[in-house]
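To be precise, the following lines are protein-v8.txt, and they hold compact mmCIF, C-alpha atoms and all ligand atoms.
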```txt
# COMPACT_ATOMS: atom_id res chain seq x y z
CA MET A 28 0.00 0.00 0.00
CA ASN A 29 1.16 3.54 -0.57
CA ASN A 30 0.88 6.82 1.27
CA LEU A 31 -1.72 8.36 -0.98
CA PHE A 32 -4.00 5.41 -0.43
CA ASN A 33 -4.63 6.44 3.15
CA LEU A 34 -5.41 10.01 2.30
CA GLU A 35 -9.11 10.67 2.21
CA LYS A 36 -8.41 13.73 0.15
CA PHE A 37 -7.52 11.48 -2.74
CA TYR A 38 -11.15 10.42 -2.97
CA LYS A 39 -12.50 13.97 -3.19
CA VAL A 40 -13.85 15.08 -6.54
CA ILE A 41 -11.37 17.71 -7.59
CA LEU A 42 -10.72 19.22 -10.98
CA PRO A 43 -7.20 19.72 -12.34
CA THR A 44 -5.08 22.49 -10.85
CA LYS A 45 -3.55 23.11 -14.22
CA SER A 46 -5.26 21.86 -17.36
CA LYS A 47 -3.14 20.04 -19.87
CA LYS A 48 -3.03 21.74 -23.23
CA LEU A 49 -2.59 20.13 -26.60
CA PRO A 50 1.08 19.04 -26.88
CA ASN A 51 3.16 20.53 -29.68
CA LYS A 52 3.96 17.07 -30.96
CA LEU A 53 1.35 14.29 -30.83
CA SER A 54 1.66 10.52 -30.84
CA PRO A 55 -0.93 8.44 -32.75
CA SER A 56 -2.41 7.08 -29.50
CA THR A 57 -2.71 10.58 -27.96
CA TYR A 58 -4.29 11.96 -31.13
CA LEU A 59 -6.83 9.13 -31.33
CA LYS A 60 -7.63 9.41 -27.64
CA ILE A 61 -8.19 13.18 -27.89
CA LYS A 62 -10.45 12.66 -30.88
CA ASN A 63 -12.54 10.16 -28.88
CA CYS A 64 -13.00 12.47 -25.90
CA PRO A 65 -10.84 15.60 -25.44
CA ARG A 66 -11.94 16.02 -21.81
CA GLN A 67 -10.85 12.50 -20.88
CA TRP A 68 -7.38 13.04 -22.28
CA SER A 69 -7.09 16.46 -20.64
CA TYR A 70 -8.22 15.26 -17.17
CA GLU A 71 -6.04 12.15 -17.35
CA ASN A 72 -2.96 14.19 -18.24
CA SER A 73 -3.42 17.37 -16.19
CA GLU A 74 -1.69 18.20 -12.93
CA PHE A 75 -3.60 17.79 -9.64
CA ILE A 76 -2.58 19.58 -6.49
CA ASN A 77 -3.71 16.64 -4.32
CA PHE A 78 -1.26 14.37 -6.07
CA GLN A 79 1.77 16.62 -5.67
CA ASN A 80 0.98 18.16 -9.06
CA LYS A 81 1.19 14.81 -10.77
CA LYS A 82 -1.27 13.15 -13.12
CA TYR A 83 -4.51 11.58 -11.91
CA PRO A 84 -3.82 7.92 -11.07
CA PRO A 85 -5.55 5.51 -13.46
CA GLN A 86 -7.79 2.62 -12.45
CA VAL A 87 -5.88 -0.64 -12.24
CA PHE A 88 -7.09 -3.37 -14.59
CA LEU A 89 -5.60 -6.85 -14.46
CA GLN A 90 -5.84 -7.28 -18.22
CA SER A 91 -3.84 -4.08 -18.90
CA LEU A 92 -1.19 -5.15 -16.40
CA ILE A 93 -0.79 -8.46 -18.24
CA GLY A 94 -0.92 -6.78 -21.68
CA ASN A 95 1.84 -4.33 -20.69
CA SER A 96 3.98 -7.13 -19.25
CA ILE A 97 3.62 -9.18 -22.45
CA HIS A 98 4.52 -6.15 -24.56
CA LYS A 99 7.67 -5.49 -22.55
CA THR A 100 8.67 -9.16 -22.60
CA ILE A 101 8.46 -9.24 -26.40
CA GLU A 102 10.35 -5.98 -26.73
CA ASP A 103 13.22 -7.38 -24.64
CA LEU A 104 13.13 -10.71 -26.39
CA ILE A 105 13.52 -9.16 -29.86
CA HIS A 106 16.46 -7.12 -28.64
CA ILE A 107 18.19 -10.16 -27.09
CA MET A 108 17.52 -12.28 -30.19
CA LYS A 109 19.13 -9.70 -32.41
CA ASN A 110 22.15 -9.33 -30.13
CA LEU A 111 22.68 -13.08 -30.31
CA GLN A 112 22.16 -13.30 -34.08
CA CYS A 113 19.00 -15.30 -33.59
CA ASN A 114 16.66 -14.45 -36.46
CA ARG A 115 13.67 -16.47 -35.37
CA VAL A 116 12.41 -18.82 -32.68
CA ASN A 117 14.07 -22.26 -32.89
CA ASP A 118 16.77 -21.30 -35.39
CA GLU A 119 20.38 -22.38 -34.70
CA ASN A 120 20.95 -19.52 -32.22
CA TRP A 121 17.67 -19.80 -30.30
CA ASN A 122 19.42 -21.87 -27.61
CA LYS A 123 21.75 -18.95 -26.90
CA VAL A 124 18.69 -16.75 -26.33
CA LYS A 125 17.18 -19.33 -23.99
CA LYS A 126 20.41 -19.51 -22.05
CA ASN A 127 20.51 -15.74 -21.74
CA ILE A 128 16.96 -15.33 -20.48
CA LYS A 129 16.75 -18.74 -18.71
CA SER A 130 13.18 -19.04 -19.99
CA ILE A 131 10.42 -16.88 -21.44
CA LYS A 132 8.61 -17.50 -18.17
CA GLU A 133 11.49 -15.93 -16.21
CA LEU A 134 11.63 -12.93 -18.53
CA PHE A 135 7.86 -12.44 -18.28
CA LYS A 136 8.03 -12.77 -14.49
CA LYS A 137 10.62 -10.00 -14.33
CA LYS A 138 8.50 -7.70 -16.48
CA SER A 139 5.27 -8.50 -14.62
CA GLN A 140 6.96 -7.81 -11.27
CA GLU A 141 7.79 -4.30 -12.50
CA GLU A 142 4.17 -3.79 -13.52
CA ILE A 143 2.87 -5.17 -10.19
CA LEU A 144 5.10 -2.75 -8.30
CA LYS A 145 3.67 0.13 -10.33
CA SER A 146 0.14 -1.01 -9.48
CA LEU A 147 0.92 -1.38 -5.78
CA ASN A 148 2.06 2.24 -5.81
CA ASN A 149 -1.20 3.39 -7.35
CA PRO A 150 -3.70 4.69 -4.75
CA ARG A 151 -6.56 3.19 -6.76
CA ASN A 152 -5.16 -0.33 -6.58
CA ARG A 153 -7.23 -2.75 -4.47
CA ARG A 154 -5.23 -5.95 -4.95
CA THR A 155 -2.37 -7.22 -2.83
CA LYS A 156 0.91 -8.50 -4.21
CA ASP A 157 -0.34 -12.02 -3.44
CA ASP A 158 -3.57 -11.42 -5.39
CA TYR A 159 -1.51 -10.57 -8.48
CA GLU A 160 0.94 -13.41 -8.04
CA ILE A 161 -1.76 -16.03 -7.52
CA TYR A 162 -3.58 -14.80 -10.64
CA LEU A 163 -0.41 -14.92 -12.71
CA GLU A 164 0.53 -18.37 -11.45
CA ASP A 165 -2.96 -19.67 -12.30
CA ASN A 166 -2.82 -18.19 -15.80
CA ILE A 167 0.85 -18.50 -16.66
CA GLN A 168 0.41 -21.26 -19.26
CA ASN A 169 -2.08 -19.18 -21.26
CA ILE A 170 0.12 -16.10 -21.02
CA LEU A 171 3.24 -17.97 -22.18
CA PHE A 172 1.27 -19.49 -25.03
CA LYS A 173 0.25 -15.97 -26.10
CA ILE A 174 3.86 -14.68 -25.96
CA LYS A 175 5.21 -17.66 -27.91
CA LYS A 176 2.57 -17.21 -30.58
CA LEU A 177 3.38 -13.52 -30.95
CA ILE A 178 7.15 -13.97 -31.03
CA ALA A 179 6.90 -16.88 -33.50
CA LYS A 180 5.56 -14.36 -36.02
CA ILE A 181 8.79 -12.34 -35.99
CA TYR A 182 11.50 -12.92 -38.57
CA LEU A 183 14.58 -10.72 -38.17
CA ASP A 184 17.04 -9.89 -40.95
CA ASN A 185 20.75 -10.05 -40.47
CA THR A 186 21.69 -6.49 -39.88
CA GLU A 187 24.19 -4.45 -37.96
CA ILE A 188 21.63 -2.02 -36.64
CA ASN A 189 19.68 -3.36 -33.75
CA SER A 190 18.30 -1.13 -31.13
CA LYS A 191 15.75 -1.05 -28.34
CA LYS A 192 13.88 2.15 -27.59
CA THR A 193 14.82 5.61 -28.82
CA SER A 194 18.37 5.45 -29.89
CA LYS A 195 19.41 9.05 -30.05
CA SER A 196 22.48 7.64 -31.79
CA LEU A 197 20.30 6.58 -34.73
CA ASP A 198 20.36 10.04 -36.22
CA PHE A 199 20.92 9.05 -39.83
CA GLU A 200 19.04 7.61 -42.78
CA LEU A 201 18.09 3.99 -42.17
CA VAL A 202 18.59 1.51 -44.95
CA LYS A 203 18.99 -1.83 -43.19
CA ALA A 204 17.83 -2.37 -39.61
CA ASN A 205 15.66 -4.33 -37.18
CA LEU A 206 14.36 -2.15 -34.39
CA SER A 207 11.99 -2.71 -31.51
CA GLU A 208 10.20 0.24 -29.85
CA PHE A 209 11.69 2.45 -32.52
CA GLU A 210 10.98 6.18 -32.24
CA ILE A 211 9.93 7.84 -35.46
CA SER A 212 9.21 11.54 -35.65
CA SER A 213 8.11 14.13 -38.18
CA ASN A 214 8.44 17.91 -37.83
CA LYS A 215 6.26 18.43 -40.88
CA LEU A 216 3.34 16.60 -39.23
CA ASN A 217 4.29 17.41 -35.63
CA PHE A 218 3.84 13.75 -34.74
CA PHE A 219 6.05 11.09 -33.18
CA GLY A 220 5.51 7.46 -32.24
CA TYR A 221 7.13 4.23 -31.08
CA VAL A 222 6.87 1.38 -33.54
CA ASP A 223 6.74 -2.01 -31.79
CA PHE A 224 8.87 -3.64 -34.45
CA PHE A 225 10.39 -2.02 -37.51
CA LYS A 226 12.27 -3.75 -40.27
CA ILE A 227 13.94 -2.05 -43.22
CA ASN A 228 16.17 -3.19 -46.08
CA GLU A 229 16.92 -1.92 -49.58
CA LYS A 230 13.58 -3.23 -50.84
CA ASP A 231 11.08 -3.13 -47.99
CA VAL A 232 9.95 -1.00 -45.07
CA GLU A 233 7.87 -3.02 -42.62
CA ILE A 234 5.95 -1.75 -39.60
CA TYR A 235 4.55 -4.18 -37.02
CA ASP A 236 2.21 -3.33 -34.17
CA PHE A 237 1.66 -5.94 -31.43
CA LYS A 238 -1.84 -6.08 -30.02
CA THR A 239 -2.19 -8.07 -26.81
CA GLY A 240 -5.88 -7.27 -26.30
CA VAL A 241 -8.94 -7.64 -28.49
CA GLU A 242 -9.13 -6.06 -31.92
CA LYS A 243 -10.23 -2.40 -31.79
CA ASP A 244 -11.65 -0.03 -34.43
CA ASN A 245 -8.68 2.33 -34.02
CA ASP A 246 -5.94 -0.29 -34.57
CA GLU A 247 -5.92 0.20 -38.32
CA GLU A 248 -5.92 3.99 -38.11
CA GLN A 249 -3.03 3.84 -35.64
CA ILE A 250 -0.71 1.79 -37.88
CA LEU A 251 -1.62 3.99 -40.87
CA LEU A 252 -0.58 7.01 -38.81
CA TYR A 253 2.78 5.30 -38.12
CA SER A 254 3.26 4.91 -41.87
CA LEU A 255 2.61 8.65 -42.38
CA ILE A 256 5.04 9.65 -39.63
CA TRP A 257 7.66 7.35 -41.16
CA LYS A 258 7.10 8.86 -44.61
CA PHE A 259 7.88 12.34 -43.25
CA ASP A 260 10.54 11.37 -40.69
CA GLU A 261 13.20 13.89 -41.73
CA ILE A 262 16.05 12.14 -39.84
CA HIS A 263 15.55 8.43 -40.56
CA ASN A 264 13.83 8.72 -43.91
CA PRO A 265 15.16 11.78 -45.78
CA SER A 266 14.53 9.93 -49.07
CA SER A 267 10.84 9.79 -48.06
CA ARG A 268 10.40 6.07 -48.77
CA ASN A 269 6.90 4.68 -48.32
CA ALA A 270 6.14 1.84 -45.88
CA THR A 271 5.61 -1.33 -47.93
CA LYS A 272 4.08 -3.60 -45.29
CA LEU A 273 1.89 -2.79 -42.30
CA THR A 274 1.03 -5.66 -39.96
CA LEU A 275 -1.15 -5.76 -36.87
CA ILE A 276 -0.14 -8.82 -34.86
CA TYR A 277 -2.89 -10.24 -32.67
CA ASN A 278 -2.78 -13.42 -30.62
CA ASP A 279 -4.79 -15.41 -33.05
CA LYS A 280 -3.97 -13.76 -36.37
CA ASN A 281 -1.92 -11.26 -38.35
CA LYS A 282 -3.83 -8.50 -40.08
CA GLU A 283 -2.17 -6.93 -43.10
CA ILE A 284 -3.21 -3.34 -43.80
CA SER A 285 -2.60 -1.93 -47.30
CA PRO A 286 0.10 0.73 -47.02
CA PRO A 287 -1.08 4.09 -48.39
CA ASP A 288 0.17 5.08 -51.85
CA ASP A 289 1.38 8.61 -52.68
CA GLU A 290 -2.10 9.92 -53.48
CA ASP A 291 -3.56 8.43 -50.31
CA ILE A 292 -0.67 9.83 -48.28
CA GLU A 293 -1.33 13.32 -49.61
CA THR A 294 -5.05 13.17 -48.73
CA ARG A 295 -4.38 11.71 -45.27
CA THR A 296 -1.67 14.29 -44.54
CA GLU A 297 -3.93 17.21 -45.43
CA LYS A 298 -6.75 15.82 -43.29
CA LEU A 299 -4.42 15.22 -40.35
CA ILE A 300 -3.02 18.75 -40.44
CA THR A 301 -6.56 20.24 -40.57
CA ASP A 302 -7.75 17.94 -37.75
CA VAL A 303 -4.89 18.94 -35.47
CA SER A 304 -5.44 22.64 -36.05
CA GLU A 305 -9.14 22.17 -35.14
CA LEU A 306 -8.16 20.32 -31.98
CA LYS A 307 -6.27 23.43 -30.85
CA ASN A 308 -9.62 25.29 -30.68
CA VAL A 309 -11.16 22.47 -28.64
CA PHE A 310 -8.50 23.02 -25.99
CA ASN A 311 -9.23 26.74 -25.78
CA ALA A 312 -12.74 26.02 -24.48
CA ASN A 313 -13.54 25.80 -20.76
CA PRO A 314 -14.72 23.23 -19.81
CA ILE A 315 -13.08 21.13 -22.50
CA GLU A 316 -15.53 19.26 -24.72
CA ALA A 317 -16.75 15.89 -23.41
CA LYS A 318 -18.01 13.15 -25.72
CA PRO A 319 -19.99 10.78 -23.50
CA SER A 320 -20.93 7.42 -25.01
CA LEU A 321 -21.10 3.85 -23.76
CA ASP A 322 -17.80 2.93 -25.42
CA ASN A 323 -15.93 6.12 -24.46
CA CYS A 324 -16.98 6.21 -20.82
CA LYS A 325 -16.84 2.52 -19.94
CA TRP A 326 -13.10 2.44 -19.23
CA CYS A 327 -12.65 6.17 -18.57
CA ASN A 328 -10.38 6.77 -15.56
CA VAL A 329 -11.83 10.16 -14.73
CA LYS A 330 -15.60 9.70 -15.01
CA GLN A 331 -15.91 10.61 -11.31
CA LEU A 332 -14.79 14.14 -12.27
CA CYS A 333 -16.90 14.51 -15.40
CA ASP A 334 -20.37 16.10 -14.99
CA SER A 335 -21.28 15.17 -18.57
CA TYR A 336 -20.89 11.49 -17.71
CA TRP A 337 -23.39 11.63 -14.83
CA ASN A 338 -25.96 13.43 -16.97
CA TYR A 339 -25.37 10.92 -19.74
CA ILE A 340 -26.02 7.82 -17.62
CA ASP A 341 -29.11 9.40 -16.12
CA GLN A 342 -30.52 9.98 -19.60
CA ASN A 343 -29.55 6.50 -20.85
CA LYS A 344 -31.07 4.02 -18.43
CA LEU A 345 -30.06 0.35 -18.61
CA ASP A 346 -32.63 -2.17 -19.77
CA LEU A 347 -32.40 -4.76 -16.99
CA SER A 348 -35.08 -6.97 -18.51
CA ASN A 349 -32.67 -7.96 -21.30
CA LEU A 350 -29.88 -9.12 -19.01
CA GLU A 351 -29.20 -12.81 -18.55
CA SER A 352 -27.85 -12.51 -15.03
CA ASN A 353 -29.64 -10.87 -12.11
CA THR A 354 -26.68 -8.81 -11.00
CA ILE A 355 -25.07 -5.79 -12.57
CA SER A 356 -22.18 -3.50 -11.76
CA SER A 357 -22.80 0.23 -12.15
CA ASN A 358 -22.06 3.79 -10.95
CA ILE A 359 -24.27 6.28 -9.13
CA GLU A 360 -24.34 9.78 -7.64
CA ILE A 361 -26.17 10.09 -4.31
CA ASN A 362 -27.16 13.09 -2.16
CA ALA A 363 -28.62 13.45 1.37
CA LEU A 364 -26.38 10.63 2.55
CA HIS A 365 -26.76 9.51 6.19
CA LYS A 366 -26.17 6.45 8.34
CA GLU A 367 -29.01 4.05 9.22
CA ASP A 368 -27.93 1.27 11.65
CA ASP A 369 -25.12 -0.64 9.93
CA LYS A 370 -26.02 0.71 6.47
CA TRP A 371 -26.20 4.11 4.78
CA ALA A 372 -29.11 5.76 2.98
CA GLY A 373 -29.50 8.61 0.50
CA LYS A 374 -31.31 9.87 -2.57
CA VAL A 375 -30.38 9.33 -6.21
CA SER A 376 -28.96 12.30 -8.11
CA PHE A 377 -27.80 10.48 -11.25
CA SER A 378 -28.07 6.80 -12.12
CA ASP A 379 -28.53 4.51 -15.14
CA ILE A 380 -30.70 2.21 -12.99
CA PHE A 381 -32.80 4.31 -10.60
CA THR A 382 -34.94 7.39 -11.11
CA LYS A 383 -33.91 10.73 -9.58
CA GLU A 384 -34.72 11.24 -5.89
CA LYS A 385 -35.35 7.54 -5.29
CA SER A 386 -34.29 6.46 -1.77
CA ILE A 387 -31.30 4.15 -1.80
CA ILE A 388 -29.79 1.85 0.83
CA ILE A 389 -26.03 1.24 0.70
CA GLU A 390 -24.54 -1.95 2.11
CA ASN A 391 -20.76 -2.07 2.48
CA ARG A 392 -19.97 -5.75 1.93
CA GLY A 393 -16.48 -4.88 0.73
CA GLU A 394 -15.74 -3.82 4.33
CA HIS A 395 -13.30 -1.36 2.88
CA SER A 396 -12.39 0.92 5.78
CA LEU A 397 -11.67 3.94 3.58
CA ASN A 398 -15.08 3.59 1.90
CA ARG A 399 -16.70 3.39 5.33
CA ASP A 400 -14.91 6.57 6.44
CA ILE A 401 -16.00 8.44 3.32
CA LEU A 402 -19.61 7.26 3.76
CA ASN A 403 -19.55 8.43 7.39
CA ASN A 404 -18.17 11.86 6.48
CA SER A 405 -20.03 12.84 3.33
CA LYS A 406 -23.42 14.19 2.26
CA GLU A 407 -22.97 13.81 -1.48
CA ILE A 408 -20.95 11.10 -3.22
CA ARG A 409 -20.19 9.39 -6.50
CA ILE A 410 -19.85 5.62 -6.30
CA LEU A 411 -18.01 3.64 -8.97
CA ASN A 412 -18.47 -0.08 -9.39
CA PHE A 413 -21.18 -1.16 -6.94
CA ASN A 414 -23.27 -4.31 -7.39
CA TYR A 415 -27.01 -4.30 -7.83
CA TYR A 416 -28.87 -7.57 -7.37
CA PHE A 417 -32.31 -7.55 -8.89
CA ASP A 418 -35.18 -9.83 -9.62
CA ASN A 419 -36.18 -9.70 -13.30
CA GLU A 420 -39.84 -9.72 -12.34
CA GLU A 421 -39.55 -7.09 -9.65
CA ASN A 422 -36.98 -5.11 -11.63
CA THR A 423 -35.86 -1.94 -9.83
CA LYS A 424 -38.26 -2.04 -6.89
CA ASN A 425 -35.37 -3.24 -4.81
CA ASN A 426 -33.39 -0.15 -3.76
CA LYS A 427 -30.31 -1.70 -2.16
CA ILE A 428 -26.85 -1.32 -3.69
CA VAL A 429 -23.87 -3.34 -2.46
CA LEU A 430 -20.28 -2.14 -2.27
CA ASN A 431 -17.49 -4.63 -2.99
CA LYS A 432 -13.69 -4.80 -2.75
CA PHE A 433 -13.28 -2.82 -5.99
CA THR A 434 -15.87 -0.12 -5.28
CA GLU A 435 -14.51 3.44 -5.16
CA ILE A 436 -16.37 6.27 -3.46
CA PHE A 437 -15.61 9.90 -4.30
CA LYS A 438 -16.79 12.69 -2.02
CA LEU A 439 -18.54 15.69 -3.57
CA ASN A 440 -19.64 17.28 -0.30
S1 LIG A 501 -16.62 10.05 -18.62
FE1 LIG A 501 -16.95 9.92 -20.81
S2 LIG A 501 -17.41 12.00 -21.42
FE2 LIG A 501 -16.46 12.13 -19.42
S3 LIG A 501 -14.31 12.40 -19.75
FE3 LIG A 501 -14.64 10.22 -19.57
S4 LIG A 501 -14.93 9.51 -21.66
FE4 LIG A 501 -15.22 11.70 -21.71
```
Let me see the file written as structure tokens.
Ligand code: SF4
Amino acid sequence: MNNLFNLEKFYKVILPTKSKKLPNKLSPSTYLKIKNCPRQWSYENSEFINFQNKKYPPQVFLQSLIGNSIHKTIEDLIHIMKNLQCNRVNDENWNKVKKNIKSIKELFKKKSQEEILKSLNNPRNRRTKDDYEIYLEDNIQNILFKIKKLIAKIYLDNTEINSKKTSKSLDFELVKANLSEFEISSNKLNFFGYVDFFKINEKDVEIYDFKTGVEKDNDEEQILLYSLIWKFDEIHNPSSRNATKLTLIYNDKNKEISPPDDEDIETRTEKLITDVSELKNVFNANPIEAKPSLDNCKWCNVKQLCDSYWNYIDQNKLDLSNLESNTISSNIEINALHKEDDKWAGKVSFSDIFTKEKSIIIENRGEHSLNRDILNNSKEIRILNFNYYFDNEENTKNNKIVLNKFTEIFKLN
């Protein structure tokens, strides 16, 4: 556990001390995130006085922790393979790689430990070190299978240039290289990005993007943006060569995306430059534009700070009659909060289940002491991730919500 975790002030709804403005140079992921919801990006990246002027801590999701660990394992593995002249899994030098890393399991363990440590230092984390380790131990075979499948898709060329992450020393035109986490950058576009795996020779320019999660709509747009940045990377690609192969690597498949030709590049470049200049205006507004939607808000780390979200859920009630199970996890804003015996009661301000002003009973099954303290000391709160158990027949007549280990309560008043 960390210091911030014990501070009640962390769980107060506070807006940024200093709002983050649009950066001078954007990465594809930042650009796509801002386009989805500018307010989310701004709140997630602004400075907050309660966190020593640092960024707002994100929610901790097990799947992202594993995805990040897999990504870092593969990045290291490619670098080690290249150093040991191993061009692919099981070639004549693969044994040298195995000797160096002991096993993929060991390498993954090292990377996942770093990610676990990061999570344990996050005030929003609710799992113990043991929770993480038990989960990883139970799922290690699946995870290793995933890593082996991803790495088996890599074929490295023999080349002198082999680098991991941002080599400032690579300040010349690239003709033959294998690079993992390679930084490309374009002053013309004002964009930069890190390519998971980049391969270039006299004939081809190949860009690979590893995807450890499910396929998303933006994946294709992201790799196309990498190809544009590469095209106008003044340092590494002064000859302005086009990418010839763009590959999204998923667990279960590779997806080839047609690289843009010169005409397509011109159209995309113009659109990108116009889009970015319009985004500058979005950041001049106060408050910054919010784009609430089911998809945008579901995994948003800062919904507790976003008034638009609470209005949105209130106007878009869930249809419980269509659900197969009789339990659902949701979020709610409550006013007139007070204690009643061993429970708490209040009235609904905003909810996607209950109507406004409905009386609500709160049961704290999570027995989380911080949640109990906030409930005891607040009149108005926002609750993320409570459980609601309902009877399909009775529907929402039942007015009890149940807090669990992962419930977060944010104090408004
Ligand atoms: S809750 Fe939704 S609308 Fe609000 S900042 Fe997050 S993504 Fe945007």
Show me which residues sit within 6 Å of ligand LIG 501 (chain A) when counting only C-alpha atoms and all ligand atoms, and put them as a PyMOL selection string. chain A and resi 64+66-67+317-319+323-324+327+329-330+333+335-336
With C-alpha atoms kept, could you save the residues just selected as a CSV table (one decimal), in the frame of the given file?
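File produced: part_35.csv:
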```csv
chain,number,residue,atom,x,y,z
A,64,CYS,CA,-13.0,12.5,-25.9
A,66,ARG,CA,-11.9,16.0,-21.8
A,67,GLN,CA,-10.8,12.5,-20.9
A,317,ALA,CA,-16.8,15.9,-23.4
A,318,LYS,CA,-18.0,13.2,-25.7
A,319,PRO,CA,-20.0,10.8,-23.5
A,323,ASN,CA,-15.9,6.1,-24.5
A,324,CYS,CA,-17.0,6.2,-20.8
A,327,CYS,CA,-12.6,6.2,-18.6
A,329,VAL,CA,-11.8,10.2,-14.7
A,330,LYS,CA,-15.6,9.7,-15.0
A,333,CYS,CA,-16.9,14.5,-15.4
A,335,SER,CA,-21.3,15.2,-18.6
A,336,TYR,CA,-20.9,11.5,-17.7
```
What separation in Å, quoted to one decimal, exists between CA of Asn72 (chain A) and CA of Thr44 (chain A)? 11.3 Å
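Minimum atom-to-atom distance to Gln331 (chain A), evaluated using only C-alpha atoms, belongs to A:Arg409 out of A:Lys82, A:Lys385, A:Lys109, A:Arg409.
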Between CA of Lys132 (chain A) and CA of Val241 (chain A), what is the distance in Å, rounded to a tenth? 22.6 Å
Residues at most 8 Å from Asn228 (chain A), counting all atoms listed in the file, excluding those fewer than 2 positions away in the same chain, as a PyMOL selection string? chain A and resi 202-204+226+230-232
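Residues in contact with Lys238 (chain A) at 7 Å, where all atoms listed in the file are counted and same-chain residues fewer than 6 positions away are skipped, are listed as Leu275, Ile276 and Tyr277 of chain A.
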Mind writing the picked residues with C-alpha atoms as a PDB file, in the frame of the given file?
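Printed below is out-v7.pdb as written:
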```
ATOM      1  CA  LEU A 275      -1.150  -5.760 -36.870  1.00  0.00           C
ATOM      2  CA  ILE A 276      -0.140  -8.820 -34.860  1.00  0.00           C
ATOM      3  CA  TYR A 277      -2.890 -10.240 -32.670  1.00  0.00           C
TER       4      TYR A 277
END
```
What's around region 270-273 of chain A at 12 Å? Count all atoms listed in the file, leave out sequence neighbours fewer than 3 positions away in its own chain, and write the answer as a ChimeraX atom specification. /A:222-237,246-260,264,267,276,281-289,292
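Atom pair CA of Ser266 (chain A) / CA of Gln112 (chain A) has a distance of 28.7 Å (rounded to one decimal).
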In terms of all atoms listed in the file, the residue from A:Leu411, A:Leu364, A:Val124, A:Leu53 at minimal distance from Gln86 (chain A) is A:Leu411
Need the shell around Thr354 (chain A): protein/DNA/RNA residues with any atom at most 9 Å away, counting only C-alpha atoms. Skip same-chain ones fewer than 3 positions apart. Format as an MDAnalysis selection string? chainID A and resid 350:351 414:418
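When all atoms listed in the file are used to measure the gap to His263 (chain A), the shortest distance among A:Tyr58, A:Ser212, A:Lys406, A:Ile436 belongs to A:Ser212.
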Using all atoms of region 45-59 of chain A listed in the file and a margin of 8 Å per side, can you give the axis-aligned box centre and edge lengths in Å to one decimal, as AutoDock Vina command-line options?
```
--center_x -1.4 --center_y 15.1 --center_z -23.5 --size_x 26.8 --size_y 32.0 --size_z 34.5
```
Let me make sure I understand: among A:Ile61, A:Leu134, A:Leu206, A:Ile388, which one has the smallest atom-to-atom distance to Phe310 (chain A) if we use all atoms listed in the file?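 Going through A:Ile61, A:Leu134, A:Leu206, A:Ile388 one by one, the smallest distance to Phe310 (chain A) is for A:Ile61.
Taking all atoms listed in the file into account, Asp334 (chain A) lies nearest to A:Ser376 out of the set A:Ser376, A:Ser207, A:Asn353, A:Gln140.
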With distances taken over only C-alpha atoms, which residue among A:Asn349, A:Ile315, A:Leu89, A:Leu430 lies nearest Lys48 (chain A)?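 Looking only at the distances to Lys48 (chain A), the closest residue turns out to be A:Ile315.
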